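**Student:** To be precise about what I am sending: the file is called my_file_30.txt and holds compact mmCIF, C-alpha atoms.
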```
# COMPACT_ATOMS: atom_id res chain seq x y z
CA MET A 300 -14.86 6.71 -5.45
CA LEU A 301 -13.82 10.02 -3.95
CA SER A 302 -10.24 9.96 -2.68
CA ALA A 303 -8.67 12.06 0.04
CA LYS A 304 -5.64 12.46 -2.22
CA THR A 305 -7.72 14.16 -4.91
CA VAL A 306 -9.36 16.52 -2.44
CA ARG A 307 -6.06 17.48 -0.83
CA LYS A 308 -4.51 18.23 -4.21
CA ASP A 309 -7.54 20.34 -5.10
CA ILE A 310 -7.18 22.32 -1.87
CA LEU A 311 -3.50 23.02 -2.41
CA GLU A 312 -3.91 23.97 -6.06
CA MET A 313 -6.91 26.26 -5.63
CA ILE A 314 -5.40 28.16 -2.69
CA HIS A 315 -2.13 28.56 -4.61
CA ALA A 316 -4.03 29.86 -7.65
CA ALA A 317 -5.94 32.31 -5.44
CA GLY A 318 -2.81 33.51 -3.69
CA SER A 319 -4.63 33.39 -0.37
CA GLY A 320 -6.71 31.01 1.73
CA HIS A 321 -6.58 28.60 4.63
CA PRO A 322 -4.77 25.34 3.81
CA GLY A 323 -4.18 24.04 7.35
CA GLY A 324 -7.79 23.88 8.50
CA SER A 325 -9.01 22.76 5.08
CA LEU A 326 -6.65 19.78 4.96
CA SER A 327 -7.79 18.60 8.40
CA LEU A 328 -11.40 18.41 7.20
CA VAL A 329 -10.94 16.12 4.21
CA GLU A 330 -11.96 12.70 5.52
CA ILE A 331 -14.82 14.17 7.56
CA LEU A 332 -16.36 15.79 4.48
CA ILE A 333 -15.76 12.78 2.25
CA HIS A 334 -17.48 10.52 4.77
CA LEU A 335 -20.43 12.90 5.16
CA TYR A 336 -21.11 13.29 1.44
CA SER A 337 -20.21 9.74 0.37
CA LYS A 338 -21.76 7.75 3.20
CA GLU A 339 -23.66 9.67 5.83
CA MET A 340 -25.73 12.49 4.38
CA ASN A 341 -28.92 11.99 2.39
CA VAL A 342 -28.28 14.38 -0.50
CA ASN A 343 -28.70 14.46 -4.27
CA PRO A 344 -26.23 16.57 -6.33
CA LYS A 345 -28.72 16.61 -9.21
CA LYS A 346 -31.33 18.15 -6.90
CA PRO A 347 -29.34 20.46 -4.59
CA ASN A 348 -32.49 22.15 -3.27
CA TRP A 349 -34.41 18.93 -2.58
CA GLN A 350 -36.49 19.71 0.50
CA GLU A 351 -35.85 16.40 2.27
CA ARG A 352 -32.08 16.55 1.96
CA ASP A 353 -29.79 16.59 4.96
CA ARG A 354 -28.13 19.97 5.52
CA LEU A 355 -24.53 20.93 6.26
CA VAL A 356 -23.43 24.10 8.03
CA LEU A 357 -19.67 24.65 7.78
CA SER A 358 -19.36 26.93 10.78
CA LYS A 359 -15.57 27.09 10.35
CA GLY A 360 -16.14 28.78 7.01
CA HIS A 361 -12.44 29.27 6.31
CA GLY A 362 -12.36 25.53 5.53
CA ALA A 363 -14.39 26.24 2.39
CA PRO A 364 -11.74 24.91 -0.07
CA ALA A 365 -12.24 21.39 1.31
CA LEU A 366 -16.01 21.69 0.99
CA TYR A 367 -15.78 23.12 -2.53
CA SER A 368 -13.57 20.25 -3.66
CA VAL A 369 -15.94 17.62 -2.27
CA LEU A 370 -19.00 19.31 -3.76
CA ALA A 371 -17.33 19.55 -7.16
CA ARG A 372 -16.15 15.95 -7.13
CA MET A 373 -19.61 14.79 -6.05
CA GLY A 374 -21.16 16.51 -9.07
CA TYR A 375 -22.65 19.74 -7.72
CA PHE A 376 -20.62 21.82 -10.17
CA ALA A 377 -17.73 21.40 -12.61
CA PRO A 378 -14.32 20.72 -10.99
CA GLU A 379 -12.81 23.16 -13.49
CA MET A 380 -14.36 25.95 -11.42
CA LEU A 381 -12.18 25.18 -8.40
CA ASN A 382 -9.25 27.31 -9.52
CA THR A 383 -11.51 30.37 -9.56
CA LEU A 384 -11.46 30.39 -5.74
CA ARG A 385 -11.45 33.94 -4.31
CA LYS A 386 -11.36 35.56 -7.75
CA PHE A 387 -13.65 38.38 -8.88
CA ASN A 388 -17.12 37.19 -9.95
CA SER A 389 -16.39 33.61 -8.85
CA PRO A 390 -19.13 31.77 -6.92
CA LEU A 391 -16.34 30.17 -4.89
CA GLN A 392 -15.84 32.90 -2.34
CA GLY A 393 -13.29 32.75 0.46
CA HIS A 394 -16.06 31.65 2.81
CA PRO A 395 -19.27 29.86 1.76
CA HIS A 396 -21.96 32.07 0.24
CA MET A 397 -25.10 30.01 -0.27
CA GLN A 398 -26.66 32.29 -2.90
CA SER A 399 -23.63 31.84 -5.15
CA LEU A 400 -23.12 28.10 -5.37
CA PRO A 401 -25.32 24.97 -5.51
CA GLY A 402 -24.94 22.60 -2.57
CA LEU A 403 -24.39 25.25 0.10
CA ASP A 404 -27.00 25.35 2.86
CA CYS A 405 -25.65 28.31 4.81
CA SER A 406 -23.37 31.33 4.38
CA THR A 407 -20.70 31.19 7.08
CA GLY A 408 -17.41 32.70 8.16
CA SER A 409 -18.18 34.61 11.33
CA LEU A 410 -16.99 32.09 13.90
CA GLY A 411 -19.32 31.04 16.68
CA GLN A 412 -22.50 31.48 14.64
CA GLY A 413 -22.86 28.17 12.82
CA LEU A 414 -24.19 25.98 15.60
CA GLY A 415 -26.99 28.42 16.39
CA ILE A 416 -27.95 28.58 12.71
CA ALA A 417 -27.83 24.78 12.42
CA ALA A 418 -30.00 24.41 15.52
CA GLY A 419 -32.51 26.84 14.03
CA ILE A 420 -32.62 24.93 10.74
CA ALA A 421 -33.01 21.65 12.64
CA LEU A 422 -35.88 23.09 14.69
CA GLY A 423 -37.65 24.29 11.56
CA LEU A 424 -37.29 20.87 9.92
CA SER A 425 -38.64 19.05 12.97
CA MET A 426 -41.64 21.41 13.10
CA LYS A 427 -42.42 20.30 9.53
CA ASP A 428 -42.09 16.62 10.57
CA SER A 429 -39.14 16.28 8.21
CA LYS A 430 -36.71 13.39 8.69
CA ALA A 431 -33.83 15.51 7.40
CA ARG A 432 -30.85 16.05 9.69
CA VAL A 433 -28.51 19.01 10.09
CA PHE A 434 -24.75 18.56 10.43
CA CYS A 435 -22.59 21.39 11.74
CA ILE A 436 -18.79 21.39 11.51
CA LEU A 437 -16.97 23.59 14.02
CA GLY A 438 -13.32 24.26 14.74
CA ASP A 439 -12.01 23.65 18.23
CA GLY A 440 -10.67 27.21 18.48
CA GLU A 441 -14.12 28.40 17.50
CA LEU A 442 -15.48 26.88 20.72
CA GLN A 443 -13.95 29.82 22.55
CA GLU A 444 -16.99 31.78 21.32
CA GLY A 445 -19.69 31.78 24.00
CA SER A 446 -22.56 31.70 21.50
CA ASN A 447 -21.75 28.04 20.83
CA TRP A 448 -22.61 27.12 24.39
CA GLU A 449 -25.91 29.01 24.36
CA SER A 450 -26.84 27.02 21.26
CA ALA A 451 -25.65 23.76 22.83
CA MET A 452 -27.76 24.38 25.92
CA SER A 453 -30.84 25.20 23.85
CA ALA A 454 -30.45 22.17 21.56
CA ALA A 455 -30.24 19.81 24.53
CA ALA A 456 -33.30 21.36 26.17
CA LEU A 457 -35.25 20.94 22.92
CA LYS A 458 -33.97 17.35 22.49
CA GLN A 459 -32.82 18.05 18.94
CA THR A 460 -31.92 14.56 17.82
CA ASN A 461 -31.78 15.73 14.20
CA LEU A 462 -28.76 17.92 15.02
CA ILE A 463 -25.21 16.54 14.80
CA ALA A 464 -22.18 18.70 15.60
CA ILE A 465 -18.71 17.69 14.44
CA ILE A 466 -15.66 19.28 16.06
CA ASP A 467 -12.61 19.41 13.79
CA ARG A 468 -10.24 19.13 16.72
CA ASN A 469 -6.89 19.90 15.14
CA HIS A 470 -5.73 21.72 18.31
CA ILE A 471 -4.38 24.79 16.49
CA GLN A 472 -5.91 28.15 15.61
CA LEU A 473 -4.73 31.32 13.87
CA ASP A 474 -1.75 32.28 16.04
CA ASP A 475 -0.90 29.29 18.23
CA SER A 476 -2.26 26.12 19.78
CA VAL A 477 -5.74 26.35 21.26
CA LYS A 478 -4.46 25.42 24.71
CA ASN A 479 -1.97 28.31 24.68
CA ILE A 480 -4.55 30.92 23.67
CA LEU A 481 -7.71 29.93 25.52
CA PRO A 482 -8.06 26.25 26.47
CA VAL A 483 -11.37 24.56 25.63
CA SER A 484 -10.59 21.23 27.28
CA PRO A 485 -12.01 19.05 28.66
CA LEU A 486 -14.35 18.99 25.65
CA GLU A 487 -15.98 15.64 26.35
CA GLU A 488 -17.01 16.61 29.86
CA LYS A 489 -18.25 20.04 28.78
CA TRP A 490 -20.53 18.72 26.06
CA LYS A 491 -21.86 16.02 28.36
CA ALA A 492 -22.60 18.66 31.00
CA PHE A 493 -24.58 20.58 28.40
CA GLY A 494 -26.73 17.50 27.76
CA TRP A 495 -25.24 16.14 24.54
CA GLU A 496 -24.28 12.62 23.54
CA VAL A 497 -20.51 12.71 23.02
CA VAL A 498 -18.35 10.46 20.82
CA THR A 499 -14.63 10.91 20.15
CA CYS A 500 -13.03 9.44 17.04
CA ASP A 501 -10.08 9.65 14.65
CA GLY A 502 -11.17 12.24 12.11
CA HIS A 503 -8.89 10.79 9.44
CA ASP A 504 -10.11 7.18 9.78
CA TYR A 505 -13.22 6.29 7.78
CA LYS A 506 -14.11 3.26 9.89
CA ASP A 507 -13.84 5.24 13.09
CA LEU A 508 -15.93 8.04 11.60
CA GLU A 509 -18.58 5.53 10.59
CA ARG A 510 -18.61 4.14 14.14
CA ALA A 511 -19.07 7.62 15.58
CA PHE A 512 -21.93 8.57 13.27
CA SER A 513 -23.72 5.26 13.90
CA VAL A 514 -24.33 6.06 17.59
CA LYS A 515 -28.04 6.08 18.45
CA THR A 516 -29.20 8.55 21.09
CA ASP A 517 -32.19 10.55 22.29
CA LYS A 518 -29.95 13.65 22.61
CA PRO A 519 -28.21 15.91 20.12
CA LEU A 520 -24.94 14.25 19.11
CA VAL A 521 -21.49 15.81 19.04
CA ILE A 522 -18.58 14.00 17.41
CA ILE A 523 -15.17 15.18 18.54
CA ALA A 524 -12.98 14.28 15.57
CA GLU A 525 -9.28 14.29 16.45
CA THR A 526 -7.46 15.62 13.40
CA VAL A 527 -4.10 17.02 12.27
CA LYS A 528 -3.90 20.58 11.03
CA GLY A 529 -2.35 20.56 7.56
CA LYS A 530 -2.82 16.78 7.27
CA GLY A 531 -0.86 15.20 4.42
CA VAL A 532 1.81 17.87 3.98
CA SER A 533 4.70 17.50 6.41
CA PHE A 534 5.68 21.17 6.60
CA MET A 535 2.06 22.22 7.16
CA GLU A 536 1.19 19.69 9.84
CA ASN A 537 0.69 20.75 13.47
CA THR A 538 1.64 24.38 12.99
CA SER A 539 -0.24 27.67 12.90
CA LEU A 540 2.10 29.01 10.19
CA TRP A 541 -0.16 27.61 7.47
CA HIS A 542 -3.49 28.62 8.96
CA GLY A 543 -3.99 31.37 6.38
CA LYS A 544 -1.14 31.33 3.88
CA ALA A 545 -0.79 30.30 0.24
CA THR A 546 2.18 28.37 -1.12
CA ASN A 547 4.74 29.68 -3.57
CA LYS A 548 5.58 27.53 -6.62
CA GLU A 549 8.30 25.55 -4.88
CA GLU A 550 6.19 24.90 -1.79
CA LEU A 551 3.23 23.83 -3.91
CA ALA A 552 5.36 21.37 -5.88
CA LYS A 553 6.74 19.86 -2.66
CA ALA A 554 3.29 19.62 -1.08
CA LEU A 555 1.75 17.96 -4.14
CA LEU A 556 4.57 15.41 -4.26
CA GLU A 557 3.95 14.50 -0.63
CA VAL A 558 0.20 14.13 -1.14
CA GLU A 559 0.72 12.10 -4.30
CA ALA A 560 3.02 9.74 -2.40
CA THR A 561 0.40 8.97 0.24
CA GLU A 562 -1.80 5.92 0.10
CA ASN A 563 -4.74 6.49 -2.24
CA SER A 564 -7.40 6.44 0.46
CA GLY A 565 -11.05 6.62 -0.49
CA LEU A 566 -14.48 5.15 0.03
CA SER A 567 -15.77 2.27 -2.03
```
Please express the file's structure as structure tokens.
**Tutor:**
Amino acid sequence: MLSAKTVRKDILEMIHAAGSGHPGGSLSLVEILIHLYSKEMNVNPKKPNWQERDRLVLSKGHGAPALYSVLARMGYFAPEMLNTLRKFNSPLQGHPHMQSLPGLDCSTGSLGQGLGIAAGIALGLSMKDSKARVFCILGDGELQEGSNWESAMSAAALKQTNLIAIIDRNHIQLDDSVKNILPVSPLEEKWKAFGWEVVTCDGHDYKDLERAFSVKTDKPLVIIAETVKGKGVSFMENTSLWHGKATNKEELAKALLEVEATENSGLS
């Protein structure tokens, strides 16, 4: 059983060891990634390049620490490697680099590019009559990039039912709240206008995530997952201050105590 507590502790410890990274947007992803790899995606850690596997594109590549933790805990590589994050010659780069690490389906980090890549992968799979699906995780601030909407329009026109987008809607980006920089709301109406099936859920609730992913549709599906930036650490929650900042020793100790005190959530 993979627990959110374990993943959050991994995130905090590896970013602290690196001295740099993105804790806020990594912590908001935890339950989404656990649900995908534990319940939703058809993958095999022992065969990371299995042709019929489902694919994941982490378009918000700065959330890589969360993905690395889940991959390690699922058996793609040794968890002992996690504290090599961002260090010289480590396969755990600051943003995902697919040639460096098993389990990565796409190199990402340049915001606004992931959905187009995911749509291209999905199109290629469908042309091969593969039943594999492609999941793409985007940040809500990232939706300010116009390339997302070109990809959304194309995917709807091509009726890409093997493409699922997940919006990590934590409402905060690098410098401030999304609404104060460049509002992207109303998201539901926008995605519907672009021809997608839209479901909104609590991105920290496993049952609600399962409900969202179970929706059947003849359109590409987008799941708007309402999340909390910095989830699980009180002084990191709902603030841009911890978008790209590592903890000092005292802050790490406080954060780990808070995470340890939370309910040991996980999937059976």
**Student:** Tell me, in Å to one decimal, how far atom CA of Leu326 of chain A is from atom CA of Ala454 of chain A.
**Tutor:**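 We find that atom CA of Leu326 of chain A and atom CA of Ala454 of chain A lie 29.1 Å from each other.
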**Student:** With the cut-off set at 10 Å and counting all atoms listed in the file, tabulate each residue of segment 394-483 of chain A with an atom at most that distance from an atom of segment 541-549 of chain A, showing the nearest atom pair and its distance in Å to one decimal, ordered by chain and increasing number, as JSON lines.
**Tutor:**
```
{"residue": "A:Ile471", "atom": "CA", "partner": "A:His542", "partner_atom": "CA", "distance": 8.5}
{"residue": "A:Gln472", "atom": "CA", "partner": "A:His542", "partner_atom": "CA", "distance": 7.1}
{"residue": "A:Leu473", "atom": "CA", "partner": "A:His542", "partner_atom": "CA", "distance": 5.7}
{"residue": "A:Asp474", "atom": "CA", "partner": "A:His542", "partner_atom": "CA", "distance": 8.2}
{"residue": "A:Asp475", "atom": "CA", "partner": "A:His542", "partner_atom": "CA", "distance": 9.6}
```
**Student:** From (-25.9, 19.1, -9.8), in the file's coordinates, out to 9 Å: which residues are reached, counting all atoms listed in the file? Answer as a list in words.
**Tutor:**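 Residues found, by chain and rising number: Asn343, Pro344, Lys345, Lys346, Pro347, Ala371, Met373, Gly374, Tyr375, Phe376, Ala377, Pro401 and Gly402 of chain A.
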**Student:** Keeping C-alpha atoms, export the residues of the selection given above as a short mmCIF file (atom, residue, chain, number, x, y, z; two decimals), keeping the file's coordinate frame.
**Tutor:**
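Result file selection.cif:
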```cif
data_model
loop_
_atom_site.label_atom_id
_atom_site.label_comp_id
_atom_site.auth_asym_id
_atom_site.auth_seq_id
_atom_site.Cartn_x
_atom_site.Cartn_y
_atom_site.Cartn_z
CA ASN A 343 -28.70 14.46 -4.27
CA PRO A 344 -26.23 16.57 -6.33
CA LYS A 345 -28.72 16.61 -9.21
CA LYS A 346 -31.33 18.15 -6.90
CA PRO A 347 -29.34 20.46 -4.59
CA ALA A 371 -17.33 19.55 -7.16
CA MET A 373 -19.61 14.79 -6.05
CA GLY A 374 -21.16 16.51 -9.07
CA TYR A 375 -22.65 19.74 -7.72
CA PHE A 376 -20.62 21.82 -10.17
CA ALA A 377 -17.73 21.40 -12.61
CA PRO A 401 -25.32 24.97 -5.51
CA GLY A 402 -24.94 22.60 -2.57
#
```
**Student:** With distances taken over only C-alpha atoms, which of A:Leu555, A:Met340, A:Ala317, A:Ala451 is nearest to Arg385 of chain A?
**Tutor:**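 Checking each candidate against Arg385 of chain A, we get A:Ala317 as the closest.
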**Student:** Find, counting only C-alpha atoms, the residue in A:His394, A:Lys386, A:Lys338, A:Lys553 that gets nearest to Gly318 of chain A.
**Tutor:**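 Of the candidates, the smallest distance to Gly318 of chain A is held by A:Lys386.
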**Student:** Which of these residues is nearest to Lys491 of chain A, using all atoms listed in the file: A:Asp504, A:Glu509, A:Pro519, A:Trp349?
**Tutor:** A:Pro519
**Student:** For segment 409-411 of chain A, find every residue with an atom within 6 Å (counting all atoms listed in the file), except residues of its own chain fewer than 5 positions away, and show them as a PyMOL selection string.
**Tutor:** chain A and resi 441+444+446-447
**Student:** Measuring between only C-alpha atoms, which one of A:Pro482, A:Gly415, A:Gly408, A:Gly531 shows the shortest distance to Asp439 of chain A?
**Tutor:** A:Pro482
**Student:** In terms of the shortest atom-to-atom distance over only C-alpha atoms, which of A:Arg510, A:Lys359, A:Lys489, A:Lys308 is closest to His334 of chain A?
**Tutor:**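 Residue with the minimum atom-to-atom distance to His334 of chain A: A:Arg510.
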**Student:** Of the residues A:Glu536, A:Glu339, A:Glu487, A:Glu449, which is the one nearest to Ala554 of chain A, using all atoms listed in the file?
**Tutor:**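 For Ala554 of chain A, the nearest of the candidates is A:Glu536.
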**Student:** Quick one: residues within 10 Å of Thr407 of chain A, all atoms listed in the file, excluding same-chain residues fewer than 6 positions away - as a PyMOL selection string?
**Tutor:** chain A and resi 356-361+363+394-397+413+416
**Student:** Generate a file of the selected residues that holds C-alpha atoms, formatted as a tab-separated table (two decimals), in the frame of the given file.
**Tutor:**
```
chain	number	residue	atom	x	y	z
A	356	VAL	CA	-23.43	24.10	8.03
A	357	LEU	CA	-19.67	24.65	7.78
A	358	SER	CA	-19.36	26.93	10.78
A	359	LYS	CA	-15.57	27.09	10.35
A	360	GLY	CA	-16.14	28.78	7.01
A	361	HIS	CA	-12.44	29.27	6.31
A	363	ALA	CA	-14.39	26.24	2.39
A	394	HIS	CA	-16.06	31.65	2.81
A	395	PRO	CA	-19.27	29.86	1.76
A	396	HIS	CA	-21.96	32.07	0.24
A	397	MET	CA	-25.10	30.01	-0.27
A	413	GLY	CA	-22.86	28.17	12.82
A	416	ILE	CA	-27.95	28.58	12.71
```
**Student:** Quick one: 6 Å padding each side, axis-aligned, all listed atoms of segment 430-446 of chain A - centre and edge lengths in Å to one decimal, as JSON?
**Tutor:**
```
{"center_x": -23.7, "center_y": 22.6, "center_z": 15.7, "size_x": 38.0, "size_y": 30.4, "size_z": 28.6}
```
**Student:** Measure the distance from atom CA of Asn537 of chain A to atom CA of Leu301 of chain A in Å and round it to one decimal.
**Tutor:** 25.1 Å
**Student:** Rounded to one decimal, what separation in Å do you get between atom CA of Ser429 of chain A and atom CA of Gln350 of chain A?
**Tutor:**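 Going from atom CA of Ser429 of chain A over to atom CA of Gln350 of chain A, I get 8.8 Å.
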**Student:** Hey, what's within 7 Å of Ser368 of chain A if we count all atoms listed in the file and toss same-chain stuff fewer than 2 positions away? As an mmCIF file with C-alpha atoms, in the coordinates of the input, please?
**Tutor:**
```cif
data_model
loop_
_atom_site.group_PDB
_atom_site.id
_atom_site.type_symbol
_atom_site.label_atom_id
_atom_site.label_comp_id
_atom_site.auth_asym_id
_atom_site.auth_seq_id
_atom_site.Cartn_x
_atom_site.Cartn_y
_atom_site.Cartn_z
ATOM 1 C CA VAL A 306 -9.360 16.520 -2.440
ATOM 2 C CA ASP A 309 -7.540 20.340 -5.100
ATOM 3 C CA ILE A 310 -7.180 22.320 -1.870
ATOM 4 C CA PRO A 364 -11.740 24.910 -0.070
ATOM 5 C CA ALA A 365 -12.240 21.390 1.310
ATOM 6 C CA LEU A 366 -16.010 21.690 0.990
ATOM 7 C CA LEU A 370 -19.000 19.310 -3.760
ATOM 8 C CA ALA A 371 -17.330 19.550 -7.160
ATOM 9 C CA ARG A 372 -16.150 15.950 -7.130
ATOM 10 C CA LEU A 381 -12.180 25.180 -8.400
#
```
**Student:** Skipping near chain neighbours, those fewer than 5 positions away, what residues fall within 10 Å of segment 493-502 of chain A using all atoms listed in the file, listed as a ChimeraX atom specification?
**Tutor:** /A:327-332,334,448-456,458-460,463-469,486-488,507-512,514-527
**Student:** What would the file be for segment 383-398 of chain A if you keep N, CA and C atoms and write it as an mmCIF file, in the first residue's frame?
**Tutor:**
```cif
data_model
loop_
_atom_site.group_PDB
_atom_site.id
_atom_site.type_symbol
_atom_site.label_atom_id
_atom_site.label_comp_id
_atom_site.auth_asym_id
_atom_site.auth_seq_id
_atom_site.Cartn_x
_atom_site.Cartn_y
_atom_site.Cartn_z
ATOM 1 N N THR A 383 19.235 11.745 -4.511
ATOM 2 C CA THR A 383 20.199 12.249 -5.498
ATOM 3 C C THR A 383 19.553 13.293 -6.408
ATOM 4 N N LEU A 384 18.320 13.664 -6.122
ATOM 5 C CA LEU A 384 17.598 14.655 -6.931
ATOM 6 C C LEU A 384 18.467 15.880 -7.224
ATOM 7 N N ARG A 385 18.537 16.266 -8.499
ATOM 8 C CA ARG A 385 19.207 17.484 -8.948
ATOM 9 C C ARG A 385 20.725 17.491 -8.737
ATOM 10 N N LYS A 386 21.299 16.340 -8.422
ATOM 11 C CA LYS A 386 22.741 16.289 -8.228
ATOM 12 C C LYS A 386 23.426 15.828 -9.509
ATOM 13 N N PHE A 387 24.697 16.181 -9.658
ATOM 14 C CA PHE A 387 25.451 15.833 -10.857
ATOM 15 C C PHE A 387 25.423 14.323 -11.093
ATOM 16 N N ASN A 388 25.174 13.957 -12.352
ATOM 17 C CA ASN A 388 25.152 12.561 -12.807
ATOM 18 C C ASN A 388 23.979 11.757 -12.268
ATOM 19 N N SER A 389 23.029 12.407 -11.609
ATOM 20 C CA SER A 389 21.837 11.703 -11.138
ATOM 21 C C SER A 389 20.816 11.604 -12.272
ATOM 22 N N PRO A 390 20.129 10.459 -12.393
ATOM 23 C CA PRO A 390 19.040 10.351 -13.379
ATOM 24 C C PRO A 390 17.792 11.109 -12.953
ATOM 25 N N LEU A 391 17.763 11.560 -11.694
ATOM 26 C CA LEU A 391 16.615 12.311 -11.187
ATOM 27 C C LEU A 391 16.877 13.809 -11.386
ATOM 28 N N GLN A 392 16.656 14.259 -12.593
ATOM 29 C CA GLN A 392 16.886 15.657 -12.892
ATOM 30 C C GLN A 392 15.759 16.529 -12.335
ATOM 31 N N GLY A 393 15.969 17.831 -12.366
ATOM 32 C CA GLY A 393 14.982 18.750 -11.805
ATOM 33 C C GLY A 393 13.642 18.675 -12.490
ATOM 34 N N HIS A 394 13.654 18.314 -13.766
ATOM 35 C CA HIS A 394 12.443 18.044 -14.533
ATOM 36 C C HIS A 394 12.631 16.693 -15.215
ATOM 37 N N PRO A 395 11.553 15.974 -15.499
ATOM 38 C CA PRO A 395 11.704 14.610 -16.024
ATOM 39 C C PRO A 395 12.496 14.549 -17.330
ATOM 40 N N HIS A 396 13.443 13.613 -17.373
ATOM 41 C CA HIS A 396 14.224 13.351 -18.584
ATOM 42 C C HIS A 396 14.107 11.858 -18.884
ATOM 43 N N MET A 397 13.328 11.534 -19.907
ATOM 44 C CA MET A 397 12.920 10.145 -20.119
ATOM 45 C C MET A 397 14.080 9.213 -20.452
ATOM 46 N N GLN A 398 15.169 9.734 -21.016
ATOM 47 C CA GLN A 398 16.302 8.876 -21.336
ATOM 48 C C GLN A 398 17.126 8.500 -20.101
#
```
